[in-house]
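What follows is a set of notes on a single structure, which appears directly below.
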Amino acid sequence: MNPVNFRSVCIITQKEIRDAKRNKWFVIVSALFATLSLAFSFFGFSGLVSMGVAGFGRTTASLLNLVFLIVPLMGLLLGTMSVASEREQGTLTTLLAQPVTAGEILLGKFLGTAAALVATLLLGFGLSGLVISWYGGLVQLGGYLVLVGFTVLLGLANLSVGFFISIFTRKNAAAVGFALLFWFIFLFLSDLGLMGMTVAFKLPHQILFWLACLNPPEAFKLAVVGALHGGLEVFGAGGRYAVDRFGDWFPGFLALVFMCWILIPLGCALVIFRKKCAE
Amino acid sequence: MKDDKEIIAKYLLLSAALAIFLSLFVPYWKLRVIAPQYPKGLSVAIYLNRVEGDVREIDGLNHYIGMKPLAKAAQLERKLAIPGLILSSLGVFIATFYGKRGSFLLVLPALILPLFFALDLYWWLRDFGLHLDPKAALSSSIKPFVPPLIGHGKIAQFKAHASFSWGFLASLAADLFICFALWLRRSKEKCSEGTGKVSVAVLSLLAFGFLLSPQTLAATLEVGREAVYGTIQEALVHASDGDTIVVHEGVYAGPVVIDKSVTLTGNGMPVIHGGGRGTVVFAHAPHITLQGFKIRDSGDLLAEENSGVLVTGSDAAIEGNRFEDVLFGIYLRQAPRTLIRNNVLSGKVLPLPRRGDLIRVWYSDDVTIEGNRMHRGRDVVLWFSKSLNVNQNIVKEGRYGLHFMYCHDAVVEENLISGNSVGTYLMYSSDLRLRRNRVLDNRGPSGYGVGFKDMDGALLSDNLIANNRVGLFFDRSTGVFRKNLIAYNDIGIELLPSSGDNTFEENSFFENSEQVGLENLGSRAVTQWSQNFWSDYRGYDRDHNGIGDTPYQAVQFFERLTSEHPVLRLFFLSPSHQALDFASSLFPIFAPQPKLSDQTPLMSPTFPSLPREPQKISVSWVFVSGILLIPPFGLSFGSLRKKRYRVNAAETITEFETVKDGEPMIQIDGLTKRFGPLTALDRVRCVIQKGETVALWGPNGAGKTTLLKCLLGILSCRGTIRVAGRNVQLEGKAVRKIIGYIPQELRFHGDQSVVETVCFFARLRNVSDSQADTLIKEWGLAEAREKKIHELSGGMKQKLGLVIALISDPPVLLMDEPTSHLDVAARHEFLLLLERLKERGKTLVFCSHRVSEVLKLADRVVVLCSGVKTKEGKPDDVKEHLTGETVLCLTVRTEDCERAERLISEHGISVRRNTRQLWIRVGAGRKIEPIRLLSERGIPILDFELETDYESPAK
């Protein structure tokens, strides 16, 4: 097995970042995210500034929902289209004919798209932070940084899943279809399925908690709401179980879940892509 | 009347005579000296005729500084004192019965006695202090001084405190009696006033006399390193009721027991240290004031209720102190009318169950708790007390911020209660009024902002209750709630079924996750909702009267679901939660029964009359936001400055092993490649020498492209392929360094420029940007340098492909039908370029369907058919196997073009198209097939031609 040449990875990463900046679709989604983040901070955190209070209300929750609807979609679309579009355009063969390994190509592409995605997220959160600072920074800075951190992890986890799907996809359209399917599964079907199972089979809250934690958007929600909201009691028995079980380490556990969601699909994609290479 | 006056005068004079006589037996003056060697202090008492006390010790001390012994002072005066005093007393006594004008002379000695004593004493003090013996041991360090007649003084390391004593006061009182008696006698002739006035005068005199008593002559005692008293307890021993003890900066050991009605004032925040044991300060007497101290480090035994201050007397004032590391802070036990004001209290760093209450009030009515700041305690708990005032306090990080138990008629105003487990818990009390308080961020397991249990007649108005788990919680309680802002809580109001009759008017329910939680829906009937603002109200106000035209109804499907299945609360705020609520709002048939109904909802919120926060920019947020914005802006503008790529010399192609003479450049042995059931290559063997040009010939699907990809190492396969002696399957990356590859149609990212594309591949091959530039110029792409890829013609694209393939000057070039998309002129030019490469000794392997190209370029031809090598040899030797293909160009209608392409493609014939033309590559004898196919499907052929450049060797 050829050792990974990080210079080659770095060159491909740079190219991916350049491509992302030229990608109109990506620019539009980034602008959309930045706008939503600004709205999130403006309406959510500056609600009753004159009373010296800001909090986690319904509007904030709705906007947060919008954010974590968009970020997985961004991650999945970027991921699934990354290899599929190269394959469809025929550029992948040209790339593979160079003195680089399939692993280096995939890793470089992942790092490049990840960097572009993270930059987009940070742009949105940075601008939101400026709005919040204008209103006196009434929100806890730590909670906000947890929100930023877990949004990045959510984006990367979905990007990684997207890359995994991309390995098996030849056409761009199919890639987008798969991305939407997985997005729908992650965000709605899994939760609604669990809710249905709970009602039907009386699942205990411990099992429900573990199953919910395995779903990236749920893990994101538990971490972020826990940090911004000042506790997990809002999630009832499941939240209390999390506090009893993990205490202050709960965000760390969720970060570990996300690391698994990032590393396992990416690792599988690397192994399979090496074997399959491309045609 | 005249007799009355005379009688009073006589009594007064008799009293004066007696007082003067008795003063002989009590000291006139006291001096207390504290020296390092006598930490408990020394004292002397000056009588009229003698000196008593620690005379010897003081003389011993005086000796060091050269002061004369006390015995030497006022020797004559002391000798004359007894006869003088007896005579004075006798004179007054005689004057009692001798009321003529000369009586004044009889009382004169008594009148001048105190003045004489004071002046004489002062004279001797001056004499002693100013005439020190210069030969004394410490004379050099002591300057002459005057010891204090009254008050504090310091001589070297000695501290002194002097005061007049009972004898002096008795003689003063005698003087007053005498003066009054003489005045009465003078005025007895006039007698214009009644006995009442005389009585008043006497009483006034007595009152004045009382005021002169030592108890009412409030003294100030000082405690400190350089003061008279070294410890607070010592000062307390010597203090009297009403005294003020000033404690200077320093650390004083506790416990301090205050059993007199004194004022203890800290100067420079002195510390009273409990040493981690018991209670630090006990205030047992009434009217104690304790102010300006830092009281710290009490014991931590809950059973003993170790406190900072335990107050058991009434009317105490605990003001402006700091309590640190205390279990209980201020404990009032039956201490009514106490004032606790402007203290700062911090509890011990202990788990919540082991902490004590920072303020605990027990059976103490009329207590005022005002302006205190408390954090990290258990509760501020108030038990069995009436008429309390709790104002402007800040309570943070405790269990129950404020906790009322059986307290009635209390006012709680303008407090900030935040970050506790429960903000305020009101239990078993009545008539409490909470106004203009801020109750924020209380999020413990109960997490109530304000909890009511068995409460009657509470009135909450103008409070801000935000960010709690539950804003207001009710259990069997009644009250009226007006103009409160209840915002951002998980549950705005939670009502148990047992909740009583409550009225909610003009409150604002702002962005609570669940506005109202009703357990079992039991409280709805007895709760009045009117003119409240609900942030989730979706009604309208057509008549612009500020009240919505439709009622507000709290209906949430998910809330109803979680009340039936509480474990589902885990999905609170998830997209599925939002989706369910959204769906139920679209289909009202599924909507649950409303929890409450406000018939007159307000359209805009009403804010409590609390002071508004000035808006200010948060620097820390600006800083963090700036850091967050660095990566995106770095990525956006990072490429503006073009970086020159640095070549890694260790990885250049020159270090790659070159092929020795006689060894093949490419060696293929038993190469087999399968795609599922399809065998693309079957046991192909081939050897290609260095500098040789080999053409791969065969129909579509023969395996030519697959073979090239296997050579590149980008397809896994069986068998062995060696390029320059290296196994492609094991060292594909290394092998690709010496291989340039040109696919059939080179595809790049269309929005990249030529130079960007070349530089990217150059960097991948460890070639510098300048070399890449040179190559661009050399191969005639200089003019197209900045053009986007999609702007290039087919010929230019293929030329670009050649540049990229040659960028690292590889010895081997693999080409997959490189001229298939070129026009005649471009093809000709491209072939010339390849000939140049051949001349330069490159090993070329290419596929082609053009016989002319094969004959022109190839040294050898490998013929493949269905993945099997059927023939190999020089072009002339295999001519008969080079069955030519023809390109048939059909013109059809634009609308038929796509369908025609699909039909022909499905028939297994290679086809390309533009808007109206199809280029169809067919083998010999099959030219009619596509024409027949289209005719059968009803697609008219408008024109056709054969591309004449495609030659057959048979010709």
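Ordering of the structure tokens sets the chain letters (A, B, ...); residue numbers start at 1 within each chain; ligands are numbered from 1 in the order shown.
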
### Message
Show me, as a PyMOL selection string, the residues that have an atom within 12 Å of Tyr98 in chain B when counting only C-alpha atoms, minus same-chain residues fewer than 3 positions from it.
### Response
chain B and resi 6+9-10+13+90-95+101-107+182+185

Considering only C-alpha atoms, return as a PyMOL selection string whatever protein or nucleic-acid residues lie within 9 Å of Ala116 in chain A, sequence-local ones (same chain, fewer than 4 positions apart) excluded. (chain A and resi 16-18+20-21+111-112+120-121) or (chain B and resi 632+635)

Using only C-alpha atoms, which residues sit within 8 Å of Ser133 in chain A once same-chain residues fewer than 3 positions away are excluded, as a list of chain:residue names?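 So the residues in contact are A:Gly129, A:Leu130, A:Gly136, A:Gly137, B:Ile617, B:Ser618, B:Val619, B:Ser620, B:Trp621, B:Val622.
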
Residues from the last selection, C-alpha atoms, saved as a PDB file, in the first residue's frame:
```
ATOM      1  CA  GLY A 129     -21.807  36.859  16.662  1.00  0.00           C
ATOM      2  CA  LEU A 130     -21.342  40.459  15.575  1.00  0.00           C
ATOM      3  CA  GLY A 136     -24.537  43.394  24.425  1.00  0.00           C
ATOM      4  CA  GLY A 137     -23.708  39.687  24.218  1.00  0.00           C
TER       5      GLY A 137
ATOM      6  CA  ILE B 617     -21.402  46.382  22.650  1.00  0.00           C
ATOM      7  CA  SER B 618     -19.807  43.267  24.082  1.00  0.00           C
ATOM      8  CA  VAL B 619     -16.067  43.296  23.409  1.00  0.00           C
ATOM      9  CA  SER B 620     -15.627  39.588  24.081  1.00  0.00           C
ATOM     10  CA  TRP B 621     -18.303  38.768  21.512  1.00  0.00           C
ATOM     11  CA  VAL B 622     -16.669  41.029  18.943  1.00  0.00           C
TER      12      VAL B 622
END
```

Based on DSSP run over this structure's backbone, return all residues of range 63-140 of chain A in helix (DSSP H, G or I), as a PyMOL selection string. chain A and resi 63-89+91-96+102-134

What does the file look like for those residues with C-alpha atoms, as a compact mmCIF listing (two decimals), in the first residue's frame?
```txt
# COMPACT_ATOMS: atom_id res chain seq x y z
CA LEU A 63 -34.61 29.19 13.38
CA LEU A 64 -32.31 26.63 14.90
CA ASN A 65 -34.40 24.00 13.21
CA LEU A 66 -33.91 25.79 9.92
CA VAL A 67 -30.18 25.86 10.51
CA PHE A 68 -29.96 22.20 11.17
CA LEU A 69 -32.18 21.47 8.21
CA ILE A 70 -29.81 23.31 5.90
CA VAL A 71 -26.46 22.21 7.25
CA PRO A 72 -27.04 18.45 6.76
CA LEU A 73 -28.34 19.19 3.29
CA MET A 74 -25.24 21.21 2.48
CA GLY A 75 -23.00 18.45 3.79
CA LEU A 76 -24.83 15.65 2.03
CA LEU A 77 -25.05 17.47 -1.29
CA LEU A 78 -21.42 18.54 -1.26
CA GLY A 79 -20.35 15.04 -0.34
CA THR A 80 -22.46 13.08 -2.77
CA MET A 81 -21.69 15.39 -5.67
CA SER A 82 -17.97 15.55 -5.05
CA VAL A 83 -16.94 12.23 -6.59
CA ALA A 84 -20.08 11.62 -8.62
CA SER A 85 -19.74 14.84 -10.58
CA GLU A 86 -16.07 14.19 -11.30
CA ARG A 87 -16.97 10.73 -12.45
CA GLU A 88 -19.80 12.01 -14.61
CA GLN A 89 -17.66 14.73 -16.15
CA THR A 91 -12.32 14.33 -14.86
CA LEU A 92 -11.84 11.59 -12.30
CA THR A 93 -9.95 9.36 -14.74
CA THR A 94 -7.58 12.21 -15.60
CA LEU A 95 -6.98 12.74 -11.91
CA LEU A 96 -6.47 9.05 -11.22
CA ALA A 102 -7.24 7.00 -4.87
CA GLY A 103 -7.03 7.52 -1.12
CA GLU A 104 -5.12 10.76 -1.53
CA ILE A 105 -7.67 12.00 -4.04
CA LEU A 106 -10.59 11.18 -1.78
CA LEU A 107 -8.91 12.59 1.30
CA GLY A 108 -7.92 15.75 -0.53
CA LYS A 109 -11.42 16.19 -1.86
CA PHE A 110 -12.89 15.62 1.58
CA LEU A 111 -10.57 18.08 3.26
CA GLY A 112 -11.19 20.67 0.55
CA THR A 113 -14.96 20.41 0.68
CA ALA A 114 -14.84 20.24 4.48
CA ALA A 115 -12.77 23.42 4.60
CA ALA A 116 -15.20 25.18 2.29
CA LEU A 117 -18.18 23.96 4.32
CA VAL A 118 -16.64 24.94 7.64
CA ALA A 119 -15.69 28.34 6.27
CA THR A 120 -19.28 28.87 5.19
CA LEU A 121 -20.59 27.90 8.60
CA LEU A 122 -18.08 30.10 10.38
CA LEU A 123 -18.99 33.00 8.14
CA GLY A 124 -22.62 32.68 9.18
CA PHE A 125 -21.82 32.30 12.85
CA GLY A 126 -19.22 35.05 12.80
CA LEU A 127 -21.72 37.52 11.38
CA SER A 128 -24.32 36.36 13.89
CA GLY A 129 -21.81 36.86 16.66
CA LEU A 130 -21.34 40.46 15.58
CA VAL A 131 -25.11 40.99 15.79
CA ILE A 132 -25.18 39.46 19.25
CA SER A 133 -22.24 41.59 20.37
CA TRP A 134 -24.13 44.65 19.15
```

For chain A, work out the contacting residues on chain B at 7 Å, counting only C-alpha atoms, and write them as a PyMOL selection string.
chain B and resi 467+488+490+511-513+566-570+572-573+575-576+612-613+615-618+621-622+625-626+628-629+631-632+712+714-715+730-731+733-734+736-737+741+747-748+764-765

Please produce a file of the residues just selected, as a compact mmCIF listing (two decimals), in the first residue's frame, where the atoms kept are N, CA and C atoms.
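Result file part-v4.txt:
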```txt
# COMPACT_ATOMS: atom_id res chain seq x y z
N ASN B 467 -36.26 32.60 31.32
CA ASN B 467 -35.22 31.58 31.17
C ASN B 467 -35.22 30.54 32.29
N TYR B 488 -39.22 33.12 27.65
CA TYR B 488 -38.13 32.16 27.37
C TYR B 488 -38.04 31.02 28.38
N ASP B 490 -39.02 27.17 29.74
CA ASP B 490 -39.45 25.93 29.07
C ASP B 490 -40.97 25.85 29.13
N GLU B 511 -42.42 33.82 24.07
CA GLU B 511 -41.49 32.80 23.59
C GLU B 511 -41.17 31.73 24.62
N ASN B 512 -42.13 31.37 25.46
CA ASN B 512 -41.92 30.19 26.30
C ASN B 512 -42.08 28.96 25.42
N SER B 513 -41.24 27.96 25.65
CA SER B 513 -41.33 26.78 24.78
C SER B 513 -42.72 26.18 24.87
N PRO B 566 -44.74 10.70 28.00
CA PRO B 566 -43.71 11.67 28.42
C PRO B 566 -42.32 11.39 27.84
N VAL B 567 -42.00 10.12 27.57
CA VAL B 567 -40.64 9.84 27.05
C VAL B 567 -40.41 10.51 25.69
N LEU B 568 -41.50 10.80 24.99
CA LEU B 568 -41.34 11.42 23.66
C LEU B 568 -40.85 12.86 23.76
N ARG B 569 -40.79 13.38 24.97
CA ARG B 569 -40.27 14.74 25.14
C ARG B 569 -38.81 14.85 24.67
N LEU B 570 -38.18 13.69 24.54
CA LEU B 570 -36.80 13.66 24.03
C LEU B 570 -36.74 14.29 22.64
N PHE B 572 -38.44 16.82 21.66
CA PHE B 572 -38.82 18.23 21.74
C PHE B 572 -37.85 19.07 20.92
N LEU B 573 -38.36 19.98 20.15
CA LEU B 573 -37.58 20.90 19.32
C LEU B 573 -36.92 20.24 18.11
N PRO B 575 -36.99 18.46 14.28
CA PRO B 575 -37.80 18.74 13.09
C PRO B 575 -39.10 17.94 13.09
N SER B 576 -39.06 16.73 13.65
CA SER B 576 -40.29 15.93 13.66
C SER B 576 -41.34 16.59 14.56
N ARG B 612 -34.69 49.91 32.38
CA ARG B 612 -34.21 49.32 31.12
C ARG B 612 -32.68 49.27 31.12
N GLU B 613 -32.21 48.22 30.45
CA GLU B 613 -30.76 48.03 30.38
C GLU B 613 -30.19 48.88 29.24
N GLN B 615 -28.03 49.69 26.14
CA GLN B 615 -27.42 48.81 25.15
C GLN B 615 -25.93 49.11 25.04
N LYS B 616 -25.14 48.07 25.10
CA LYS B 616 -23.69 48.27 24.98
C LYS B 616 -23.10 47.11 24.19
N ILE B 617 -22.03 47.40 23.49
CA ILE B 617 -21.40 46.38 22.65
C ILE B 617 -20.52 45.50 23.53
N SER B 618 -20.62 44.20 23.30
CA SER B 618 -19.81 43.27 24.08
C SER B 618 -18.48 43.04 23.37
N TRP B 621 -17.59 39.32 22.67
CA TRP B 621 -18.30 38.77 21.51
C TRP B 621 -17.70 39.26 20.21
N VAL B 622 -17.30 40.51 20.17
CA VAL B 622 -16.67 41.03 18.94
C VAL B 622 -15.38 40.25 18.67
N SER B 625 -16.23 36.70 17.52
CA SER B 625 -16.79 36.75 16.15
C SER B 625 -15.68 37.00 15.14
N GLY B 626 -14.76 37.88 15.50
CA GLY B 626 -13.62 38.16 14.62
C GLY B 626 -12.82 36.90 14.35
N LEU B 628 -13.93 33.86 14.50
CA LEU B 628 -14.73 32.96 13.66
C LEU B 628 -14.69 33.39 12.19
N LEU B 629 -14.54 34.68 11.97
CA LEU B 629 -14.57 35.17 10.58
C LEU B 629 -13.22 35.05 9.88
N PRO B 631 -11.20 32.30 9.31
CA PRO B 631 -11.09 31.24 8.29
C PRO B 631 -11.85 31.54 6.99
N PRO B 632 -13.14 31.96 7.05
CA PRO B 632 -13.81 32.21 5.77
C PRO B 632 -13.15 33.32 4.96
N LEU B 712 -2.10 1.87 -16.25
CA LEU B 712 -1.97 3.01 -15.34
C LEU B 712 -2.11 2.59 -13.87
N ILE B 714 -5.01 1.95 -12.43
CA ILE B 714 -6.23 2.49 -11.83
C ILE B 714 -7.40 1.51 -11.96
N LEU B 715 -7.10 0.32 -12.44
CA LEU B 715 -8.09 -0.76 -12.42
C LEU B 715 -7.40 -1.99 -11.84
N LEU B 730 1.18 -3.02 -7.39
CA LEU B 730 1.70 -2.74 -6.05
C LEU B 730 2.22 -1.32 -5.94
N GLU B 731 2.73 -0.79 -7.05
CA GLU B 731 3.35 0.53 -7.00
C GLU B 731 2.76 1.44 -8.06
N LYS B 733 1.22 4.22 -7.95
CA LYS B 733 1.49 5.65 -7.85
C LYS B 733 2.88 5.98 -8.41
N ALA B 734 3.85 5.12 -8.08
CA ALA B 734 5.21 5.36 -8.56
C ALA B 734 5.27 5.18 -10.07
N ARG B 736 2.86 5.70 -12.19
CA ARG B 736 2.18 6.81 -12.88
C ARG B 736 3.08 8.05 -13.00
N LYS B 737 4.14 8.06 -12.21
CA LYS B 737 5.07 9.20 -12.35
C LYS B 737 5.76 9.19 -13.71
N TYR B 741 -0.76 10.29 -19.71
CA TYR B 741 -1.96 9.64 -20.22
C TYR B 741 -2.86 10.66 -20.89
N ARG B 747 -11.31 15.73 -20.28
CA ARG B 747 -12.32 16.52 -19.56
C ARG B 747 -11.65 17.22 -18.38
N PHE B 748 -11.91 18.48 -18.32
CA PHE B 748 -11.44 19.26 -17.18
C PHE B 748 -12.61 20.07 -16.64
N LEU B 764 0.87 18.34 -9.01
CA LEU B 764 0.69 16.93 -8.65
C LEU B 764 1.88 16.11 -9.09
N ARG B 765 2.55 16.55 -10.16
CA ARG B 765 3.70 15.81 -10.67
C ARG B 765 5.01 16.43 -10.21
```

Could you give me, as a PyMOL selection string, the residues within 8 Å of Leu221 in chain B, counting only C-alpha atoms and dropping anything in the same chain fewer than 2 positions from it? chain B and resi 219+223+228-229+235+239+243-246

What lies within 9 Å of Val854 in chain B using only C-alpha atoms, ignoring chain neighbours under 6 positions off, as a PDB file with N, CA and C atoms, in the first residue's frame?
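Listed below is the output, around-v5.pdb:
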```pdb
ATOM      1  N   VAL B 694       3.601   1.426 -29.896  1.00  0.00           N
ATOM      2  CA  VAL B 694       2.722   0.274 -30.094  1.00  0.00           C
ATOM      3  C   VAL B 694       1.290   0.761 -30.222  1.00  0.00           C
ATOM      4  N   ALA B 695       0.619   0.276 -31.246  1.00  0.00           N
ATOM      5  CA  ALA B 695      -0.802   0.604 -31.430  1.00  0.00           C
ATOM      6  C   ALA B 695      -1.635  -0.573 -30.959  1.00  0.00           C
ATOM      7  N   LEU B 696      -2.717  -0.248 -30.203  1.00  0.00           N
ATOM      8  CA  LEU B 696      -3.688  -1.271 -29.812  1.00  0.00           C
ATOM      9  C   LEU B 696      -4.844  -1.167 -30.794  1.00  0.00           C
ATOM     10  N   TRP B 697      -5.119  -2.234 -31.449  1.00  0.00           N
ATOM     11  CA  TRP B 697      -6.134  -2.234 -32.512  1.00  0.00           C
ATOM     12  C   TRP B 697      -7.238  -3.203 -32.158  1.00  0.00           C
ATOM     13  N   PHE B 846      -0.805   3.507 -27.943  1.00  0.00           N
ATOM     14  CA  PHE B 846      -2.038   4.231 -28.229  1.00  0.00           C
ATOM     15  C   PHE B 846      -3.071   3.312 -28.880  1.00  0.00           C
ATOM     16  N   CYS B 847      -4.325   3.667 -28.672  1.00  0.00           N
ATOM     17  CA  CYS B 847      -5.422   2.979 -29.353  1.00  0.00           C
ATOM     18  C   CYS B 847      -5.877   3.874 -30.492  1.00  0.00           C
ATOM     19  N   SER B 848      -6.308   3.293 -31.553  1.00  0.00           N
ATOM     20  CA  SER B 848      -6.848   4.101 -32.637  1.00  0.00           C
ATOM     21  C   SER B 848      -7.732   3.237 -33.523  1.00  0.00           C
ATOM     22  N   ARG B 860       4.713  -1.364 -33.898  1.00  0.00           N
ATOM     23  CA  ARG B 860       4.131  -2.686 -33.720  1.00  0.00           C
ATOM     24  C   ARG B 860       2.639  -2.516 -33.443  1.00  0.00           C
ATOM     25  N   VAL B 861       1.875  -3.520 -33.821  1.00  0.00           N
ATOM     26  CA  VAL B 861       0.424  -3.462 -33.586  1.00  0.00           C
ATOM     27  C   VAL B 861       0.016  -4.688 -32.770  1.00  0.00           C
ATOM     28  N   PRO B 875       3.118  -3.367 -38.407  1.00  0.00           N
ATOM     29  CA  PRO B 875       1.879  -3.004 -39.112  1.00  0.00           C
ATOM     30  C   PRO B 875       1.715  -3.718 -40.444  1.00  0.00           C
TER      31      PRO B 875
END
```
